[in-house]
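Presented below is the structure to which this report refers.
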2 protein chains.
Amino acid sequence: VNYCSECAGPVRLTVPPGDTLPRHVCDACERVFYENPKVVVGTLPVWEDRILLCKRAIEPRLGYWTLPSGFMENGETLEEGAIRETIEESGADVELIRPFAGFSITQVNQVYVLFLARMRHPGVAPGPETETARLVTEAEIPWAEIAFRAVAFCLERFVHARDDATFHLGAAERGPERP
Amino acid sequence: VNYCSECAGPVRLTVPPGDTLPRHVCDACERVFYENPKVVVGTLPVWEDRILLCKRAIEPRLGYWTLPSGFMENGETLEEGAIRETIEESGADVELIRPFAGFSITQVNQVYVLFLARMRHPGVAPGPETETARLVTEAEIPWAEIAFRAVAFCLERFVHARDDATFHLGAAERGPERP
């Protein structure tokens with residue numbers, strides 16, 4: 001951040017009065033620009049004994065497998081965002097079962113919120129960010145080719161503790177963001 | 001958003017190529033400025049048969065009661081943010097029990113994530129945003145003076161379904177943000 005988005009004045013990093021962390025503050029109009037983590041919402045879609053995975057058609061992690069998910073938008077709920085991203089990335093027609101996992105990724109300032117979901121039918125229609133969407137059994141999960149730690153965490157929890165009603169919580173605090 | 005924070009060029013609202021929603025885009029350097037919901041993290045602190053509530057010393061909702069919570073910061077996990085906000089607002093020394101509730105507030109583009117927490121001792125030390133922090137029994141909850149819907153939702157779920165292991169999910173999609 002170099003300039004103020006309101007008045008185009010110069011911005012500097014300083015701790016505002018009453019605050020505890022440095023923020024970008026406009027020298028001219030004194031507006032403070034906060035930066036906070038973004039929420040990534042998505043689903044773990046299930047059809048019979050299979051899970052829907054999406055092969056990424058874009059960077060980062062092009063060619064690796066993920067769960068349908070993406071940035072939550074202003075004006076929508078967690079549930080609405082999860083369903084929208086599932087449709088956009090996979091075309092799957094899902095109903096949410098319950099919130100399943102939360103995962104903090106401090107390196108990139110993201111919080112994943114993933115829902116367990118039931119596919120109403122096995123049809124898919126991958127969007128532009130997805131090379132292919134495929135239903136796989138647990139034994140077929142390509143563990144070495146999973147795109148992100150949050151996705152691996154969610155799949156691992158599904159395989160080992162899907163009937164545990166608690167919301168599974170994890171974090172990638174140290175080391176590389178990718179598994 | 002009027003100006004680009006990178007180059008101070010003029011910004012206009014347009015749907016970028018491959019996107020589906022209008023974004024603020026810089027005419028000069030083509031940088032896209034995304035706006036997404038912010039996460040509010042906090043706790044429902046419990047000491048014996050009592051809950052810790054904080055009376056707000058600041059607007060909005062000055063003088064109304066809330067749970068210790070605030071904006072999640074970059075570089076921290078959900079858990080770290082919840083504990084930090086609890087200390088900042090109430091001084092309570094808590095250990096998290098489990099993630100308890102998620103609440104989307106589309107009107108203000110916020111997502112609350114609240115943890116059930118155990119106070120290690122009943123001591124409090126309200127911060128500058130809190131007029132007073134008080135331990136109340138369920139019967140003493142001032143329902144008409146609760147600051148925010150997300151807080152009322154969390155308290156209501158605690159009173160009626162605290163032993164339900166699922167993550168309680170709610171939303172304020174319509175009507176005023178405040179109860």
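A note on labels: chains of the structure tokens are A, B, ... as shown, every chain counts residues from 1, and ligands are counted from 1 in their shown order.
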
Given identical sequences, can you show me chain B least-squares superposed on chain A via all its Cα atoms in order, as a PDB file with C-alpha atoms, in the first residue's frame?
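Heads up, here's the output in selection_34.pdb:
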ATOM      1  CA  VAL B   1       0.006   0.026   0.016  1.00  0.00           C
ATOM      2  CA  ASN B   2       1.618   3.272  -1.144  1.00  0.00           C
ATOM      3  CA  TYR B   3      -1.294   5.650  -1.643  1.00  0.00           C
ATOM      4  CA  CYS B   4      -4.641   6.363   0.000  1.00  0.00           C
ATOM      5  CA  SER B   5      -7.537   4.818  -1.927  1.00  0.00           C
ATOM      6  CA  GLU B   6      -9.789   7.697  -0.807  1.00  0.00           C
ATOM      7  CA  CYS B   7      -7.666  10.802  -1.486  1.00  0.00           C
ATOM      8  CA  ALA B   8      -4.503   9.480  -3.249  1.00  0.00           C
ATOM      9  CA  GLY B   9      -2.366  10.955  -0.447  1.00  0.00           C
ATOM     10  CA  PRO B  10       0.834   9.205   0.682  1.00  0.00           C
ATOM     11  CA  VAL B  11       0.358   6.325   3.110  1.00  0.00           C
ATOM     12  CA  ARG B  12       2.768   5.264   5.820  1.00  0.00           C
ATOM     13  CA  LEU B  13       2.969   2.338   8.217  1.00  0.00           C
ATOM     14  CA  THR B  14       2.353   3.469  11.791  1.00  0.00           C
ATOM     15  CA  VAL B  15       0.564   2.364  14.954  1.00  0.00           C
ATOM     16  CA  PRO B  16      -2.645   4.450  15.147  1.00  0.00           C
ATOM     17  CA  PRO B  17      -3.609   5.950  18.536  1.00  0.00           C
ATOM     18  CA  GLY B  18      -5.272   3.310  20.701  1.00  0.00           C
ATOM     19  CA  ASP B  19      -4.154   0.501  18.398  1.00  0.00           C
ATOM     20  CA  THR B  20      -1.505  -2.136  19.056  1.00  0.00           C
ATOM     21  CA  LEU B  21      -0.308  -3.006  15.552  1.00  0.00           C
ATOM     22  CA  PRO B  22       1.168  -0.968  12.683  1.00  0.00           C
ATOM     23  CA  ARG B  23      -1.385  -0.081  10.003  1.00  0.00           C
ATOM     24  CA  HIS B  24      -1.245   1.777   6.731  1.00  0.00           C
ATOM     25  CA  VAL B  25      -2.443   5.306   7.539  1.00  0.00           C
ATOM     26  CA  CYS B  26      -2.986   8.198   5.135  1.00  0.00           C
ATOM     27  CA  ASP B  27      -0.911  11.251   6.023  1.00  0.00           C
ATOM     28  CA  ALA B  28      -3.457  13.558   4.378  1.00  0.00           C
ATOM     29  CA  CYS B  29      -6.919  12.304   5.438  1.00  0.00           C
ATOM     30  CA  GLU B  30      -5.815  10.016   8.328  1.00  0.00           C
ATOM     31  CA  ARG B  31      -7.834   7.098   7.036  1.00  0.00           C
ATOM     32  CA  VAL B  32      -6.581   3.748   8.389  1.00  0.00           C
ATOM     33  CA  PHE B  33      -6.329   0.740   6.047  1.00  0.00           C
ATOM     34  CA  TYR B  34      -6.755  -2.527   7.873  1.00  0.00           C
ATOM     35  CA  GLU B  35      -5.701  -5.829   6.340  1.00  0.00           C
ATOM     36  CA  ASN B  36      -7.304  -8.971   7.666  1.00  0.00           C
ATOM     37  CA  PRO B  37      -7.435 -12.656   6.762  1.00  0.00           C
ATOM     38  CA  LYS B  38      -9.738 -13.759   3.972  1.00  0.00           C
ATOM     39  CA  VAL B  39     -12.219 -16.608   4.261  1.00  0.00           C
ATOM     40  CA  VAL B  40     -12.088 -19.481   1.778  1.00  0.00           C
ATOM     41  CA  VAL B  41     -15.367 -21.428   1.721  1.00  0.00           C
ATOM     42  CA  GLY B  42     -16.098 -24.743   0.099  1.00  0.00           C
ATOM     43  CA  THR B  43     -17.457 -28.236   0.420  1.00  0.00           C
ATOM     44  CA  LEU B  44     -16.451 -31.850   0.678  1.00  0.00           C
ATOM     45  CA  PRO B  45     -19.132 -33.270  -1.649  1.00  0.00           C
ATOM     46  CA  VAL B  46     -20.111 -36.900  -1.145  1.00  0.00           C
ATOM     47  CA  TRP B  47     -21.965 -39.197  -3.538  1.00  0.00           C
ATOM     48  CA  GLU B  48     -22.632 -42.688  -2.142  1.00  0.00           C
ATOM     49  CA  ASP B  49     -19.180 -43.974  -1.109  1.00  0.00           C
ATOM     50  CA  ARG B  50     -17.256 -41.429  -3.127  1.00  0.00           C
ATOM     51  CA  ILE B  51     -15.830 -37.929  -2.658  1.00  0.00           C
ATOM     52  CA  LEU B  52     -15.721 -35.251  -5.335  1.00  0.00           C
ATOM     53  CA  LEU B  53     -12.240 -33.884  -6.067  1.00  0.00           C
ATOM     54  CA  CYS B  54     -11.332 -31.155  -8.558  1.00  0.00           C
ATOM     55  CA  LYS B  55      -8.076 -31.057 -10.535  1.00  0.00           C
ATOM     56  CA  ARG B  56      -6.881 -27.463 -10.672  1.00  0.00           C
ATOM     57  CA  ALA B  57      -6.644 -25.813 -14.098  1.00  0.00           C
ATOM     58  CA  ILE B  58      -4.982 -22.685 -12.680  1.00  0.00           C
ATOM     59  CA  GLU B  59      -2.040 -21.665 -10.543  1.00  0.00           C
ATOM     60  CA  PRO B  60      -1.213 -22.007  -7.743  1.00  0.00           C
ATOM     61  CA  ARG B  61      -0.921 -25.778  -7.683  1.00  0.00           C
ATOM     62  CA  LEU B  62      -2.051 -26.333 -11.245  1.00  0.00           C
ATOM     63  CA  GLY B  63      -2.692 -30.044 -11.852  1.00  0.00           C
ATOM     64  CA  TYR B  64      -3.113 -30.859  -8.160  1.00  0.00           C
ATOM     65  CA  TRP B  65      -6.364 -31.957  -6.565  1.00  0.00           C
ATOM     66  CA  THR B  66      -8.535 -29.831  -4.374  1.00  0.00           C
ATOM     67  CA  LEU B  67     -12.019 -29.574  -2.929  1.00  0.00           C
ATOM     68  CA  PRO B  68     -14.340 -27.045  -4.579  1.00  0.00           C
ATOM     69  CA  SER B  69     -13.709 -23.812  -2.673  1.00  0.00           C
ATOM     70  CA  GLY B  70     -12.825 -20.172  -3.098  1.00  0.00           C
ATOM     71  CA  PHE B  71     -12.933 -16.728  -1.545  1.00  0.00           C
ATOM     72  CA  MET B  72     -16.110 -15.814   0.293  1.00  0.00           C
ATOM     73  CA  GLU B  73     -17.703 -12.711  -1.217  1.00  0.00           C
ATOM     74  CA  ASN B  74     -19.231  -9.706   0.471  1.00  0.00           C
ATOM     75  CA  GLY B  75     -22.994 -10.017   0.880  1.00  0.00           C
ATOM     76  CA  GLU B  76     -23.156 -13.792   1.260  1.00  0.00           C
ATOM     77  CA  THR B  77     -23.263 -16.199   4.199  1.00  0.00           C
ATOM     78  CA  LEU B  78     -20.742 -18.993   4.751  1.00  0.00           C
ATOM     79  CA  GLU B  79     -23.324 -21.479   3.477  1.00  0.00           C
ATOM     80  CA  GLU B  80     -24.153 -19.450   0.371  1.00  0.00           C
ATOM     81  CA  GLY B  81     -20.482 -19.003  -0.449  1.00  0.00           C
ATOM     82  CA  ALA B  82     -19.747 -22.707  -0.048  1.00  0.00           C
ATOM     83  CA  ILE B  83     -22.575 -23.691  -2.396  1.00  0.00           C
ATOM     84  CA  ARG B  84     -21.659 -20.977  -4.942  1.00  0.00           C
ATOM     85  CA  GLU B  85     -18.015 -22.054  -5.064  1.00  0.00           C
ATOM     86  CA  THR B  86     -19.011 -25.702  -5.390  1.00  0.00           C
ATOM     87  CA  ILE B  87     -21.175 -24.880  -8.397  1.00  0.00           C
ATOM     88  CA  GLU B  88     -18.558 -22.589  -9.968  1.00  0.00           C
ATOM     89  CA  GLU B  89     -15.706 -25.056  -9.674  1.00  0.00           C
ATOM     90  CA  SER B  90     -17.395 -28.409 -10.142  1.00  0.00           C
ATOM     91  CA  GLY B  91     -20.991 -27.894 -11.235  1.00  0.00           C
ATOM     92  CA  ALA B  92     -22.046 -30.270  -8.467  1.00  0.00           C
ATOM     93  CA  ASP B  93     -25.576 -29.860  -7.119  1.00  0.00           C
ATOM     94  CA  VAL B  94     -25.113 -30.172  -3.354  1.00  0.00           C
ATOM     95  CA  GLU B  95     -26.996 -29.754  -0.132  1.00  0.00           C
ATOM     96  CA  LEU B  96     -24.931 -28.893   2.918  1.00  0.00           C
ATOM     97  CA  ILE B  97     -24.931 -31.456   5.721  1.00  0.00           C
ATOM     98  CA  ARG B  98     -22.974 -29.501   8.359  1.00  0.00           C
ATOM     99  CA  PRO B  99     -19.915 -27.316   8.849  1.00  0.00           C
ATOM    100  CA  PHE B 100     -17.058 -29.829   8.913  1.00  0.00           C
ATOM    101  CA  ALA B 101     -13.673 -28.140   9.298  1.00  0.00           C
ATOM    102  CA  GLY B 102     -11.925 -24.847   9.876  1.00  0.00           C
ATOM    103  CA  PHE B 103      -8.295 -24.362   8.960  1.00  0.00           C
ATOM    104  CA  SER B 104      -6.097 -21.290   9.521  1.00  0.00           C
ATOM    105  CA  ILE B 105      -3.196 -20.658   7.163  1.00  0.00           C
ATOM    106  CA  THR B 106      -1.200 -17.869   8.736  1.00  0.00           C
ATOM    107  CA  GLN B 107       1.386 -17.718   5.944  1.00  0.00           C
ATOM    108  CA  VAL B 108      -1.196 -16.466   3.451  1.00  0.00           C
ATOM    109  CA  ASN B 109      -3.731 -14.979   5.889  1.00  0.00           C
ATOM    110  CA  GLN B 110      -6.545 -17.312   4.958  1.00  0.00           C
ATOM    111  CA  VAL B 111      -9.155 -19.210   6.944  1.00  0.00           C
ATOM    112  CA  TYR B 112     -10.781 -22.197   5.268  1.00  0.00           C
ATOM    113  CA  VAL B 113     -14.325 -23.147   6.256  1.00  0.00           C
ATOM    114  CA  LEU B 114     -15.388 -26.419   4.688  1.00  0.00           C
ATOM    115  CA  PHE B 115     -18.817 -28.030   4.783  1.00  0.00           C
ATOM    116  CA  LEU B 116     -19.704 -31.673   4.421  1.00  0.00           C
ATOM    117  CA  ALA B 117     -22.189 -31.853   1.544  1.00  0.00           C
ATOM    118  CA  ARG B 118     -24.373 -34.423  -0.177  1.00  0.00           C
ATOM    119  CA  MET B 119     -24.547 -34.480  -3.947  1.00  0.00           C
ATOM    120  CA  ARG B 120     -28.130 -34.697  -5.190  1.00  0.00           C
ATOM    121  CA  HIS B 121     -26.911 -36.614  -8.234  1.00  0.00           C
ATOM    122  CA  PRO B 122     -23.439 -37.583  -9.518  1.00  0.00           C
ATOM    123  CA  GLY B 123     -23.387 -35.072 -12.368  1.00  0.00           C
ATOM    124  CA  VAL B 124     -20.552 -32.543 -12.612  1.00  0.00           C
ATOM    125  CA  ALA B 125     -19.729 -29.643 -14.931  1.00  0.00           C
ATOM    126  CA  PRO B 126     -16.234 -28.282 -14.212  1.00  0.00           C
ATOM    127  CA  GLY B 127     -15.799 -24.516 -14.429  1.00  0.00           C
ATOM    128  CA  PRO B 128     -12.837 -22.678 -15.977  1.00  0.00           C
ATOM    129  CA  GLU B 129     -10.654 -23.122 -12.873  1.00  0.00           C
ATOM    130  CA  THR B 130     -11.078 -26.902 -12.915  1.00  0.00           C
ATOM    131  CA  GLU B 131      -9.490 -29.299 -15.412  1.00  0.00           C
ATOM    132  CA  THR B 132     -11.624 -32.197 -14.307  1.00  0.00           C
ATOM    133  CA  ALA B 133     -13.918 -33.128 -11.415  1.00  0.00           C
ATOM    134  CA  ARG B 134     -13.870 -36.756 -10.344  1.00  0.00           C
ATOM    135  CA  LEU B 135     -15.659 -38.939  -7.811  1.00  0.00           C
ATOM    136  CA  VAL B 136     -13.124 -41.078  -5.944  1.00  0.00           C
ATOM    137  CA  THR B 137     -13.354 -43.690  -3.227  1.00  0.00           C
ATOM    138  CA  GLU B 138     -11.328 -43.209  -0.049  1.00  0.00           C
ATOM    139  CA  ALA B 139      -8.760 -45.705  -1.342  1.00  0.00           C
ATOM    140  CA  GLU B 140      -8.356 -43.645  -4.501  1.00  0.00           C
ATOM    141  CA  ILE B 141      -7.580 -40.292  -2.793  1.00  0.00           C
ATOM    142  CA  PRO B 142      -4.311 -39.082  -4.406  1.00  0.00           C
ATOM    143  CA  TRP B 143      -2.667 -38.016  -1.134  1.00  0.00           C
ATOM    144  CA  ALA B 144       0.608 -37.020  -2.794  1.00  0.00           C
ATOM    145  CA  GLU B 145      -1.206 -34.794  -5.264  1.00  0.00           C
ATOM    146  CA  ILE B 146      -3.440 -32.775  -2.973  1.00  0.00           C
ATOM    147  CA  ALA B 147      -3.165 -29.051  -3.678  1.00  0.00           C
ATOM    148  CA  PHE B 148      -3.364 -27.533  -0.202  1.00  0.00           C
ATOM    149  CA  ARG B 149      -2.871 -28.492   3.407  1.00  0.00           C
ATOM    150  CA  ALA B 150      -6.378 -27.395   4.341  1.00  0.00           C
ATOM    151  CA  VAL B 151      -7.757 -29.816   1.762  1.00  0.00           C
ATOM    152  CA  ALA B 152      -5.540 -32.665   2.984  1.00  0.00           C
ATOM    153  CA  PHE B 153      -6.633 -31.918   6.556  1.00  0.00           C
ATOM    154  CA  CYS B 154     -10.302 -32.040   5.614  1.00  0.00           C
ATOM    155  CA  LEU B 155      -9.927 -35.277   3.642  1.00  0.00           C
ATOM    156  CA  GLU B 156      -7.921 -36.872   6.433  1.00  0.00           C
ATOM    157  CA  ARG B 157     -10.555 -35.899   9.010  1.00  0.00           C
ATOM    158  CA  PHE B 158     -13.258 -37.246   6.708  1.00  0.00           C
ATOM    159  CA  VAL B 159     -11.532 -40.596   6.313  1.00  0.00           C
ATOM    160  CA  HIS B 160     -10.729 -41.006  10.007  1.00  0.00           C
ATOM    161  CA  ALA B 161     -13.407 -39.076  11.881  1.00  0.00           C
ATOM    162  CA  ARG B 162     -16.312 -38.285   9.612  1.00  0.00           C
ATOM    163  CA  ASP B 163     -18.893 -39.275  12.227  1.00  0.00           C
ATOM    164  CA  ASP B 164     -17.332 -37.110  14.900  1.00  0.00           C
ATOM    165  CA  ALA B 165     -19.888 -34.307  15.181  1.00  0.00           C
ATOM    166  CA  THR B 166     -17.405 -31.663  16.286  1.00  0.00           C
ATOM    167  CA  PHE B 167     -16.073 -29.032  13.930  1.00  0.00           C
ATOM    168  CA  HIS B 168     -12.528 -30.116  13.068  1.00  0.00           C
ATOM    169  CA  LEU B 169     -10.005 -27.369  13.582  1.00  0.00           C
ATOM    170  CA  GLY B 170      -6.520 -27.220  12.148  1.00  0.00           C
ATOM    171  CA  ALA B 171      -3.786 -24.815  11.191  1.00  0.00           C
ATOM    172  CA  ALA B 172      -0.671 -24.533   9.063  1.00  0.00           C
ATOM    173  CA  GLU B 173       1.371 -22.156  11.142  1.00  0.00           C
ATOM    174  CA  ARG B 174       4.862 -23.201  10.239  1.00  0.00           C
ATOM    175  CA  GLY B 175       6.572 -24.470   7.152  1.00  0.00           C
ATOM    176  CA  PRO B 176       5.438 -24.129   3.561  1.00  0.00           C
ATOM    177  CA  GLU B 177       1.802 -23.524   2.862  1.00  0.00           C
ATOM    178  CA  ARG B 178       1.574 -26.489   0.533  1.00  0.00           C
ATOM    179  CA  PRO B 179       1.798 -30.100   1.687  1.00  0.00           C
TER     180      PRO B 179
END

### Task
List every residue of chain B that DSSP, applied to the backbone, labels as helix (DSSP H, G or I), and write the result as a PyMOL selection string.
chain B and resi 78-90+138-140+143-145+149-161

### Query
Quick one: DSSP strand (DSSP E or B) residues in segment 25-94 of chain B, as a PyMOL selection string?
chain B and resi 25-26+32-33+38-47+50-56+65-66+69-71+94
